[in-house]
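> Quick one, work_28.cif (mmCIF, C-alpha atoms):
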data_target
loop_
_atom_site.label_atom_id
_atom_site.label_comp_id
_atom_site.auth_asym_id
_atom_site.auth_seq_id
_atom_site.Cartn_x
_atom_site.Cartn_y
_atom_site.Cartn_z
CA MET A 1 -32.03 5.24 -17.99
CA TYR A 2 -33.24 1.69 -18.06
CA LYS A 3 -36.37 0.08 -16.75
CA ILE A 4 -36.87 -2.94 -14.56
CA ALA A 5 -39.81 -5.09 -15.58
CA VAL A 6 -41.67 -7.75 -13.67
CA LEU A 7 -43.63 -10.34 -15.60
CA GLY A 8 -45.93 -13.00 -14.24
CA ASP A 9 -49.47 -13.74 -13.24
CA ARG A 10 -51.36 -10.82 -11.75
CA GLU A 11 -51.31 -11.85 -8.14
CA SER A 12 -47.63 -12.66 -8.09
CA VAL A 13 -46.45 -9.38 -9.53
CA LEU A 14 -48.97 -6.88 -8.21
CA GLY A 15 -46.88 -6.09 -5.13
CA PHE A 16 -43.98 -4.87 -7.22
CA LYS A 17 -46.08 -1.97 -8.39
CA ALA A 18 -45.58 -0.38 -5.00
CA LEU A 19 -41.84 -0.39 -5.58
CA GLY A 20 -42.24 1.55 -8.79
CA LEU A 21 -41.23 -1.24 -11.12
CA ASP A 22 -42.63 -1.74 -14.58
CA VAL A 23 -45.19 -4.43 -13.87
CA HIS A 24 -46.68 -6.54 -16.65
CA SER A 25 -49.23 -9.17 -15.80
CA ALA A 26 -50.09 -11.89 -18.24
CA GLU A 27 -53.12 -14.12 -17.98
CA THR A 28 -51.81 -16.87 -20.19
CA VAL A 29 -48.37 -18.16 -21.04
CA GLU A 30 -48.91 -17.09 -24.65
CA ASP A 31 -49.47 -13.51 -23.50
CA GLY A 32 -46.42 -13.77 -21.31
CA ARG A 33 -44.34 -14.89 -24.23
CA LYS A 34 -45.45 -11.93 -26.32
CA ILE A 35 -44.78 -9.46 -23.53
CA LEU A 36 -41.37 -11.00 -22.89
CA HIS A 37 -40.36 -10.57 -26.51
CA ARG A 38 -41.67 -7.03 -26.59
CA LEU A 39 -39.75 -6.11 -23.45
CA ALA A 40 -36.58 -7.80 -24.61
CA LYS A 41 -36.62 -5.99 -27.91
CA ASP A 42 -37.44 -2.48 -26.78
CA GLY A 43 -33.88 -1.77 -25.66
CA GLN A 44 -35.12 0.00 -22.56
CA THR A 45 -35.58 -2.86 -20.19
CA ALA A 46 -32.39 -4.06 -18.58
CA ILE A 47 -33.82 -6.54 -16.11
CA ILE A 48 -36.90 -8.71 -16.43
CA TYR A 49 -38.03 -10.58 -13.37
CA LEU A 50 -40.06 -13.56 -14.53
CA THR A 51 -42.03 -15.90 -12.32
CA GLU A 52 -40.87 -19.48 -12.38
CA GLN A 53 -44.37 -20.73 -13.11
CA TYR A 54 -44.29 -18.93 -16.47
CA ALA A 55 -40.62 -19.50 -17.07
CA ALA A 56 -41.14 -23.25 -16.85
CA GLN A 57 -43.32 -23.06 -19.93
CA MET A 58 -41.14 -20.72 -21.96
CA MET A 59 -37.70 -22.08 -21.34
CA ASP A 60 -36.71 -21.62 -24.98
CA GLU A 61 -37.34 -17.90 -24.83
CA VAL A 62 -35.46 -17.60 -21.55
CA LYS A 63 -32.51 -19.53 -22.95
CA LYS A 64 -32.45 -17.36 -26.04
CA TYR A 65 -31.63 -14.26 -24.03
CA LYS A 66 -29.21 -15.97 -21.71
CA ASP A 67 -26.10 -15.04 -23.69
CA GLU A 68 -27.16 -11.47 -24.35
CA VAL A 69 -26.08 -8.70 -22.05
CA MET A 70 -29.51 -7.15 -22.19
CA PRO A 71 -32.03 -8.03 -20.89
CA ALA A 72 -31.15 -10.07 -17.84
CA ILE A 73 -34.02 -12.45 -17.27
CA ILE A 74 -34.07 -13.37 -13.62
CA LEU A 75 -36.44 -16.00 -12.34
CA ILE A 76 -38.33 -15.33 -9.14
CA PRO A 77 -40.73 -17.61 -7.34
CA GLY A 78 -44.37 -16.87 -8.02
CA LYS A 79 -47.09 -16.95 -5.41
CA ALA A 80 -47.27 -20.74 -5.57
CA GLY A 81 -43.74 -21.05 -4.30
CA SER A 82 -40.34 -21.84 -5.69
CA MET A 83 -40.11 -24.59 -8.27
CA GLY A 84 -36.35 -24.84 -8.02
CA ILE A 85 -35.81 -23.70 -11.61
CA GLY A 86 -33.76 -20.72 -10.55
CA MET A 87 -31.43 -22.93 -8.56
CA GLN A 88 -31.35 -25.43 -11.40
CA ASN A 89 -30.24 -22.64 -13.73
CA ILE A 90 -27.26 -21.93 -11.49
CA THR A 91 -26.32 -25.61 -11.55
CA ASP A 92 -26.68 -25.56 -15.34
CA SER A 93 -24.32 -22.60 -15.55
CA VAL A 94 -21.75 -24.47 -13.48
CA GLU A 95 -22.11 -27.52 -15.65
CA ARG A 96 -21.76 -25.44 -18.77
CA ALA A 97 -18.59 -23.75 -17.55
CA VAL A 98 -16.85 -26.56 -15.74
CA GLY A 99 -18.26 -29.56 -17.53
CA ALA A 100 -19.57 -31.16 -14.35
CA ASP A 101 -21.57 -30.10 -11.34
CA ILE A 102 -18.79 -29.54 -8.83
CA LEU A 103 -20.74 -27.72 -6.14
CA MET B 1 -3.07 -37.32 -37.89
CA PRO B 2 -3.50 -34.88 -40.71
CA THR B 3 -5.69 -36.04 -43.48
CA THR B 4 -4.66 -33.39 -45.97
CA THR B 5 -1.49 -33.74 -47.92
CA VAL B 6 1.28 -31.33 -47.13
CA ASN B 7 3.71 -29.74 -49.52
CA ALA B 8 7.12 -30.89 -48.48
CA THR B 9 8.86 -27.61 -49.17
CA ARG B 10 11.10 -25.42 -47.12
CA MET B 11 8.62 -22.55 -47.43
CA GLU B 12 5.80 -24.67 -46.09
CA LEU B 13 8.05 -25.75 -43.23
CA THR B 14 8.78 -22.16 -42.25
CA ARG B 15 5.09 -21.36 -42.43
CA LEU B 16 4.14 -24.32 -40.26
CA LYS B 17 6.81 -23.55 -37.70
CA LYS B 18 5.50 -20.02 -37.42
CA LYS B 19 1.96 -21.38 -37.08
CA LEU B 20 3.04 -23.75 -34.33
CA ARG B 21 4.72 -20.96 -32.41
CA THR B 22 1.53 -18.88 -32.59
CA ALA B 23 -0.62 -21.85 -31.61
CA VAL B 24 1.51 -22.67 -28.58
CA ARG B 25 1.51 -19.08 -27.47
CA GLY B 26 -2.25 -18.78 -28.04
CA HIS B 27 -2.82 -21.98 -26.14
CA LYS B 28 -0.92 -20.70 -23.14
CA LEU B 29 -2.74 -17.38 -23.17
CA LEU B 30 -6.17 -18.99 -23.55
CA LYS B 31 -5.40 -21.42 -20.77
CA ASP B 32 -4.51 -18.52 -18.51
CA LYS B 33 -7.70 -16.78 -19.53
CA ARG B 34 -9.75 -19.88 -18.79
CA ASP B 35 -8.16 -20.28 -15.37
CA GLU B 36 -8.76 -16.69 -14.42
CA LEU B 37 -12.35 -16.79 -15.68
CA MET B 38 -12.95 -19.98 -13.75
CA LYS B 39 -11.62 -18.43 -10.57
CA GLN B 40 -13.91 -15.42 -10.93
CA PHE B 41 -16.81 -17.65 -11.91
CA LEU B 42 -16.52 -19.93 -8.89
CA ASP B 43 -16.43 -16.97 -6.51
CA LEU B 44 -19.50 -15.50 -8.16
CA ILE B 45 -21.47 -18.71 -8.37
CA ARG B 46 -21.24 -19.25 -4.61
CA GLU B 47 -22.48 -15.74 -4.02
CA ASN B 48 -25.19 -16.33 -6.60
CA ARG B 49 -26.49 -19.39 -4.75
CA ASP B 50 -26.59 -17.66 -1.39
CA LEU B 51 -28.24 -14.61 -2.86
CA ARG B 52 -30.85 -16.63 -4.71
CA ARG B 53 -31.71 -18.56 -1.60
CA ARG B 54 -32.11 -15.30 0.30
CA VAL B 55 -34.22 -13.71 -2.42
CA GLU B 56 -36.48 -16.74 -2.72
CA GLU B 57 -37.06 -16.81 1.02
CA GLY B 58 -37.79 -13.09 1.07
CA MET B 59 -40.14 -13.40 -1.88
CA MET B 60 -42.01 -16.22 -0.23
CA ARG B 61 -42.48 -14.13 2.88
CA ALA B 62 -43.79 -11.26 0.78
CA HIS B 63 -46.10 -13.56 -1.16
CA GLY B 64 -47.43 -14.96 2.10
CA SER B 65 -48.32 -11.53 3.40
CA PHE B 66 -49.74 -10.60 0.05
CA THR B 67 -51.98 -13.62 -0.04
CA VAL B 68 -53.36 -12.76 3.39
CA ALA B 69 -53.85 -9.17 2.30
CA SER B 70 -55.72 -10.21 -0.81
CA ALA B 71 -57.92 -12.44 1.32
CA LEU B 72 -58.76 -9.54 3.61
CA MET B 73 -59.32 -7.00 0.87
CA SER B 74 -61.27 -7.18 -2.34
CA SER B 75 -59.14 -7.54 -5.43
CA GLU B 76 -60.40 -4.21 -6.81
CA MET B 77 -59.40 -2.45 -3.63
CA LEU B 78 -56.03 -4.12 -3.71
CA GLU B 79 -55.38 -3.11 -7.25
CA GLN B 80 -56.58 0.38 -6.65
CA SER B 81 -54.29 0.75 -3.68
CA LEU B 82 -51.27 -0.18 -5.71
CA LEU B 83 -52.30 1.57 -8.89
CA TYR B 84 -50.23 4.72 -8.51
CA PRO B 85 -46.87 4.02 -7.01
CA LYS B 86 -45.26 6.74 -4.99
CA GLN B 87 -41.87 5.52 -5.73
CA SER B 88 -40.18 4.96 -9.01
CA VAL B 89 -36.90 3.32 -9.73
CA ASP B 90 -34.33 4.47 -12.22
CA LEU B 91 -31.79 1.98 -13.29
CA ASN B 92 -28.39 2.88 -14.59
CA MET B 93 -26.30 0.29 -16.27
CA LYS B 94 -22.56 0.31 -16.64
CA PHE B 95 -20.30 -2.37 -17.95
CA LYS B 96 -17.46 -4.04 -16.21
CA ASN B 97 -14.88 -5.88 -18.23
CA ILE B 98 -13.93 -9.25 -16.79
CA MET B 99 -11.31 -10.85 -19.06
CA SER B 100 -12.90 -9.21 -22.10
CA VAL B 101 -16.41 -10.26 -21.11
CA ASN B 102 -18.70 -7.30 -20.76
CA THR B 103 -20.74 -7.79 -17.63
CA PRO B 104 -23.43 -5.43 -16.42
CA VAL B 105 -23.20 -3.38 -13.25
CA TYR B 106 -26.53 -1.99 -12.14
CA GLN B 107 -26.98 1.16 -10.18
CA PHE B 108 -30.42 2.17 -9.19
CA SER B 109 -31.84 5.26 -7.66
CA THR B 110 -35.28 5.67 -6.19
CA ARG B 111 -37.12 8.83 -6.91
CA SER B 112 -38.79 9.33 -3.55
CA GLU B 113 -36.45 10.75 -0.95
CA ASN B 114 -37.84 8.99 2.05
CA SER B 115 -37.22 5.29 1.74
CA GLY B 116 -39.55 4.59 4.68
CA ASP B 117 -42.47 6.17 2.92
CA ILE B 118 -43.16 3.78 0.12
CA TYR B 119 -46.82 2.97 0.69
CA PRO B 120 -48.76 4.44 -2.20
CA TYR B 121 -52.10 4.29 -0.36
CA GLY B 122 -53.84 5.64 2.69
CA PHE B 123 -53.92 3.40 5.69
CA ALA B 124 -57.64 3.82 6.38
CA THR B 125 -58.98 1.42 3.82
CA THR B 126 -56.21 -1.08 3.51
CA SER B 127 -55.22 -4.03 5.55
CA GLY B 128 -52.06 -4.04 7.62
CA GLU B 129 -50.95 -7.17 5.90
CA LEU B 130 -50.52 -5.21 2.69
CA ASP B 131 -48.03 -2.94 4.44
CA GLY B 132 -46.16 -6.04 5.51
CA ALA B 133 -46.13 -7.40 1.98
CA VAL B 134 -44.89 -4.15 0.45
CA ASP B 135 -42.34 -3.85 3.23
CA ALA B 136 -41.07 -7.38 2.66
CA LEU B 137 -40.81 -6.76 -1.06
CA SER B 138 -38.93 -3.52 -0.68
CA SER B 139 -36.49 -5.10 1.73
CA VAL B 140 -35.80 -7.96 -0.63
CA PHE B 141 -35.50 -5.61 -3.60
CA GLN B 142 -31.87 -4.66 -2.93
CA ASP B 143 -30.96 -8.32 -2.98
CA MET B 144 -33.02 -8.89 -6.09
CA LEU B 145 -31.06 -6.26 -7.95
CA LYS B 146 -27.79 -7.70 -6.81
CA LEU B 147 -29.03 -11.13 -7.81
CA ALA B 148 -29.85 -9.85 -11.30
CA GLN B 149 -26.35 -8.46 -11.70
CA ILE B 150 -24.57 -11.54 -10.38
CA GLU B 151 -26.75 -14.05 -12.14
CA LYS B 152 -26.34 -12.31 -15.49
CA THR B 153 -22.60 -12.09 -14.90
CA THR B 154 -22.33 -15.80 -14.14
CA GLN B 155 -24.38 -16.66 -17.22
CA LEU B 156 -22.14 -14.57 -19.44
CA LEU B 157 -19.02 -15.93 -17.80
CA ALA B 158 -20.25 -19.50 -18.19
CA GLU B 159 -20.71 -18.92 -21.91
CA GLU B 160 -17.24 -17.41 -22.26
CA ILE B 161 -15.62 -20.19 -20.22
CA GLU B 162 -17.30 -22.79 -22.39
CA LYS B 163 -16.01 -21.08 -25.51
CA THR B 164 -12.50 -20.67 -24.14
CA ARG B 165 -12.41 -24.26 -22.95
CA ARG B 166 -13.32 -25.51 -26.40
CA ARG B 167 -10.66 -23.35 -27.96
CA VAL B 168 -8.01 -24.52 -25.50
CA ASN B 169 -8.92 -28.14 -26.14
CA ALA B 170 -8.97 -27.68 -29.90
CA LEU B 171 -5.52 -26.12 -29.80
CA GLU B 172 -4.13 -28.66 -27.37
CA TYR B 173 -5.48 -31.83 -28.90
CA VAL B 174 -5.93 -31.05 -32.58
CA MET B 175 -4.11 -28.01 -33.86
CA ILE B 176 -0.76 -28.37 -32.08
CA PRO B 177 -0.25 -32.14 -32.55
CA ASP B 178 -1.38 -31.79 -36.15
CA THR B 179 1.12 -29.06 -36.91
CA GLN B 180 3.87 -30.90 -35.07
CA TYR B 181 3.18 -33.99 -37.14
CA LYS B 182 3.26 -32.01 -40.34
CA ILE B 183 6.53 -30.35 -39.38
CA LYS B 184 8.04 -33.71 -38.60
CA TYR B 185 6.81 -35.09 -41.89
CA ILE B 186 8.29 -32.22 -43.88
CA THR B 187 11.59 -32.33 -41.99
CA MET B 188 11.91 -36.03 -42.67
CA LYS B 189 10.95 -35.62 -46.29
CA LEU B 190 13.45 -32.82 -46.80
CA ASP B 191 16.20 -34.83 -45.07
CA GLU B 192 15.39 -37.74 -47.29
CA ASN B 193 15.64 -35.53 -50.36
CA GLU B 194 18.96 -34.23 -49.12
CA ARG B 195 20.32 -37.76 -48.75
CA ASN B 196 18.96 -38.65 -52.15
CA ASN B 197 20.81 -35.75 -53.61
CA THR B 198 24.07 -36.59 -51.89
CA ILE B 199 23.88 -40.16 -53.03
CA ARG B 200 23.11 -39.08 -56.55
CA LEU B 201 26.08 -36.72 -56.58
CA MET B 202 28.34 -39.42 -55.21
CA LYS B 203 27.10 -41.78 -57.87
CA VAL B 204 27.64 -39.22 -60.63
CA LYS B 205 31.10 -38.51 -59.30
CA ASP B 206 31.90 -42.21 -59.30
CA MET B 207 30.65 -42.53 -62.86
CA MET B 208 32.63 -39.54 -64.01
CA LEU B 209 35.76 -40.86 -62.31
CA GLU B 210 35.25 -44.19 -63.94
CA GLN B 211 34.80 -42.56 -67.31
CA ALA B 212 37.93 -40.48 -66.85
CA LEU B 213 39.84 -43.56 -65.74
CA GLU B 214 38.61 -45.50 -68.71
CA GLU B 215 39.69 -42.75 -71.04
CA LYS B 216 43.08 -42.56 -69.40
CA ARG B 217 43.42 -46.32 -69.67
CA LYS B 218 42.52 -46.24 -73.33
CA GLU B 219 45.02 -43.48 -73.91
CA THR B 220 47.71 -45.44 -72.16
CA ALA B 221 46.80 -48.58 -74.12
CA ALA B 222 46.96 -46.65 -77.37
CA ALA B 223 50.28 -45.12 -76.41
CA LEU B 224 51.67 -48.49 -75.44
CA LYS B 225 50.56 -49.97 -78.74
CA LEU B 226 52.19 -47.15 -80.63
CA PHE B 227 55.35 -47.63 -78.65
CA GLU B 228 55.44 -51.38 -79.28
CA ASN B 229 54.89 -50.91 -82.99
CA GLU B 230 57.76 -48.58 -83.38
#
Kindly return the structure encoded in the file as structure tokens.


Amino acid sequence: MYKIAVLGDRESVLGFKALGLDVHSAETVEDGRKILHRLAKDGQTAIIYLTEQYAAQMMDEVKKYKDEVMPAIILIPGKAGSMGIGMQNITDSVERAVGADIL
Amino acid sequence: MPTTTVNATRMELTRLKKKLRTAVRGHKLLKDKRDELMKQFLDLIRENRDLRRRVEEGMMRAHGSFTVASALMSSEMLEQSLLYPKQSVDLNMKFKNIMSVNTPVYQFSTRSENSGDIYPYGFATTSGELDGAVDALSSVFQDMLKLAQIEKTTQLLAEEIEKTRRRVNALEYVMIPDTQYKIKYITMKLDENERNNTIRLMKVKDMMLEQALEEKRKETAAALKLFENE
């Protein structure tokens, strides 16, 4: 059995508690980084939903886990709205695979 | 062009020919793999974009309702309401093999039987907007899970395609021409040696013939002299 974690600022992730997900709120990016590493290493968490606001400041960490099967770090828009990083990631994937953005 | 020197021997030639055959075969196989991966990838990436757009819209709706709810309720109340979730989600992960790339397939099961009854709080003290927010989140959750699966799959596929593409290119533009050049070099060198040898043999034969002839001539001359003297 694996867990699904949600990581972000308190207000953005609070709602996911109602769905029964493993909610972690971080006040600062530094906290977020620590929690992300802890979650990624525990071998229990298969999916981590991370708010774009935090992801923007820890791109290195996100990239590090990109080629691993577990965990899948999926960016979601925080309460301030979408920053387009999630979409940009898709474009990056295309560029990586094809060599050019063909879509 | 190869920078290393090659041994111009028949053994090396056989080895290189074998290597070339393997390289050509590997190149063809890897190219097929790349094409198939690319096909799967392009299908998935379109789905990924649509799904992400849908999830982001759904999330924004949920965040909107949530913001209103948090304006209407105190933050302590809000947190208290959501503190003990009624529902819990179990995630099962299996792997699907796409062209030797292990991609995750998520299956999730919710623990509460009634999917309509997800509100972990009483309705008396909470705002209706909170219901809306939780509702919006739970309706977008299915898509979020699917998004996680597809996005991870595309990321893993992208990595594998990149790797395969590099390999194909390395084989096509470096390894195969290199080996072909070496084979050509050795063949030419060996042919040259062969000709050298033939020429040498011909030369030796000529020399031996000449020697024999000379000897014969001497013999004849000696015989003639003997004959004249008698």

> For this structure, which residues satisfy the selection - the PyMOL selection byres ((chain B) within 6 of (chain A)) - when it is evaluated on the file as given? I want them as a count of residues only.

14

> Record the distance separating atom CA of Lys28 of chain B and atom CA of Ala100 of chain A, expressed in Å with one decimal.

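Between these atoms lies a distance of 23.1 Å.
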
> Name every residue that the PyMOL selection byres ((chain B and resi 176-191) around 10) selects in this structure, writing the answer as a PyMOL selection string with chains first and numbers rising.

chain B and resi 1-10+12-17+19-24+27+170-175+192-197

> For the residues in the current selection, export C-alpha atoms as an mmCIF file, keeping the file's coordinate frame.


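The resulting selection-v2.cif:
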data_model
loop_
_atom_site.group_PDB
_atom_site.id
_atom_site.type_symbol
_atom_site.label_atom_id
_atom_site.label_comp_id
_atom_site.auth_asym_id
_atom_site.auth_seq_id
_atom_site.Cartn_x
_atom_site.Cartn_y
_atom_site.Cartn_z
ATOM 1 C CA MET B 1 -3.070 -37.320 -37.890
ATOM 2 C CA PRO B 2 -3.500 -34.880 -40.710
ATOM 3 C CA THR B 3 -5.690 -36.040 -43.480
ATOM 4 C CA THR B 4 -4.660 -33.390 -45.970
ATOM 5 C CA THR B 5 -1.490 -33.740 -47.920
ATOM 6 C CA VAL B 6 1.280 -31.330 -47.130
ATOM 7 C CA ASN B 7 3.710 -29.740 -49.520
ATOM 8 C CA ALA B 8 7.120 -30.890 -48.480
ATOM 9 C CA THR B 9 8.860 -27.610 -49.170
ATOM 10 C CA ARG B 10 11.100 -25.420 -47.120
ATOM 11 C CA GLU B 12 5.800 -24.670 -46.090
ATOM 12 C CA LEU B 13 8.050 -25.750 -43.230
ATOM 13 C CA THR B 14 8.780 -22.160 -42.250
ATOM 14 C CA ARG B 15 5.090 -21.360 -42.430
ATOM 15 C CA LEU B 16 4.140 -24.320 -40.260
ATOM 16 C CA LYS B 17 6.810 -23.550 -37.700
ATOM 17 C CA LYS B 19 1.960 -21.380 -37.080
ATOM 18 C CA LEU B 20 3.040 -23.750 -34.330
ATOM 19 C CA ARG B 21 4.720 -20.960 -32.410
ATOM 20 C CA THR B 22 1.530 -18.880 -32.590
ATOM 21 C CA ALA B 23 -0.620 -21.850 -31.610
ATOM 22 C CA VAL B 24 1.510 -22.670 -28.580
ATOM 23 C CA HIS B 27 -2.820 -21.980 -26.140
ATOM 24 C CA ALA B 170 -8.970 -27.680 -29.900
ATOM 25 C CA LEU B 171 -5.520 -26.120 -29.800
ATOM 26 C CA GLU B 172 -4.130 -28.660 -27.370
ATOM 27 C CA TYR B 173 -5.480 -31.830 -28.900
ATOM 28 C CA VAL B 174 -5.930 -31.050 -32.580
ATOM 29 C CA MET B 175 -4.110 -28.010 -33.860
ATOM 30 C CA GLU B 192 15.390 -37.740 -47.290
ATOM 31 C CA ASN B 193 15.640 -35.530 -50.360
ATOM 32 C CA GLU B 194 18.960 -34.230 -49.120
ATOM 33 C CA ARG B 195 20.320 -37.760 -48.750
ATOM 34 C CA ASN B 196 18.960 -38.650 -52.150
ATOM 35 C CA ASN B 197 20.810 -35.750 -53.610
#

> Starting from the shown file, work through the PyMOL selection byres ((chain B and resi 103-105) around 8) and note down what comes out as a list in words.

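Applied to this file, the PyMOL selection byres ((chain B and resi 103-105) around 8) returns Val69 of chain A; Met93, Lys94, Phe95, Lys96, Asn97, Ile98, Val101, Asn102, Tyr106, Gln107, Gln149, Lys152, Thr153 and Leu156 of chain B.
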
> Just write the chosen residues, C-alpha atoms, as a PDB file, in the coordinates of the input.


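File produced: part35.pdb:
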ATOM      1  CA  VAL A  69     -26.080  -8.700 -22.050  1.00  0.00           C
TER       2      VAL A  69
ATOM      3  CA  MET B  93     -26.300   0.290 -16.270  1.00  0.00           C
ATOM      4  CA  LYS B  94     -22.560   0.310 -16.640  1.00  0.00           C
ATOM      5  CA  PHE B  95     -20.300  -2.370 -17.950  1.00  0.00           C
ATOM      6  CA  LYS B  96     -17.460  -4.040 -16.210  1.00  0.00           C
ATOM      7  CA  ASN B  97     -14.880  -5.880 -18.230  1.00  0.00           C
ATOM      8  CA  ILE B  98     -13.930  -9.250 -16.790  1.00  0.00           C
ATOM      9  CA  VAL B 101     -16.410 -10.260 -21.110  1.00  0.00           C
ATOM     10  CA  ASN B 102     -18.700  -7.300 -20.760  1.00  0.00           C
ATOM     11  CA  TYR B 106     -26.530  -1.990 -12.140  1.00  0.00           C
ATOM     12  CA  GLN B 107     -26.980   1.160 -10.180  1.00  0.00           C
ATOM     13  CA  GLN B 149     -26.350  -8.460 -11.700  1.00  0.00           C
ATOM     14  CA  LYS B 152     -26.340 -12.310 -15.490  1.00  0.00           C
ATOM     15  CA  THR B 153     -22.600 -12.090 -14.900  1.00  0.00           C
ATOM     16  CA  LEU B 156     -22.140 -14.570 -19.440  1.00  0.00           C
TER      17      LEU B 156
END

> What lies within 8 Å of Gly32 of chain A using only C-alpha atoms, ignoring chain neighbours under 5 positions off, as an MDAnalysis selection string?

chainID A and resid 7:8 25:27 54

> Between atom CA of Lys33 of chain B and atom CA of Gln88 of chain A, measure the distance and give it in Å to one decimal.

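Atom CA of Gln88 of chain A lies at a distance of 26.5 Å from atom CA of Lys33 of chain B.
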
> How big is the axis-aligned box, and where does its centre sit, when it encloses all atoms of segment 133-143 of chain B listed in the file and has 4 Å added on every side, reported in Å to one decimal as AutoDock Vina command-line options?


--center_x -38.5 --center_y -5.9 --center_z -0.2 --size_x 23.2 --size_y 12.8 --size_z 14.8

> For the atom pair atom CA of Gln53 of chain A and atom CA of Leu39 of chain A, what is the interatomic distance in Å to one decimal place?

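Atom-to-atom, atom CA of Gln53 of chain A to atom CA of Leu39 of chain A, that is 18.5 Å.
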
> Which one is closest to Leu37 of chain B: B:Ser75, B:Ser100, B:Gln80, B:Ser65? Count all atoms listed in the file.

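Using all atoms listed in the file, the shortest distance to Leu37 of chain B belongs to B:Ser100.
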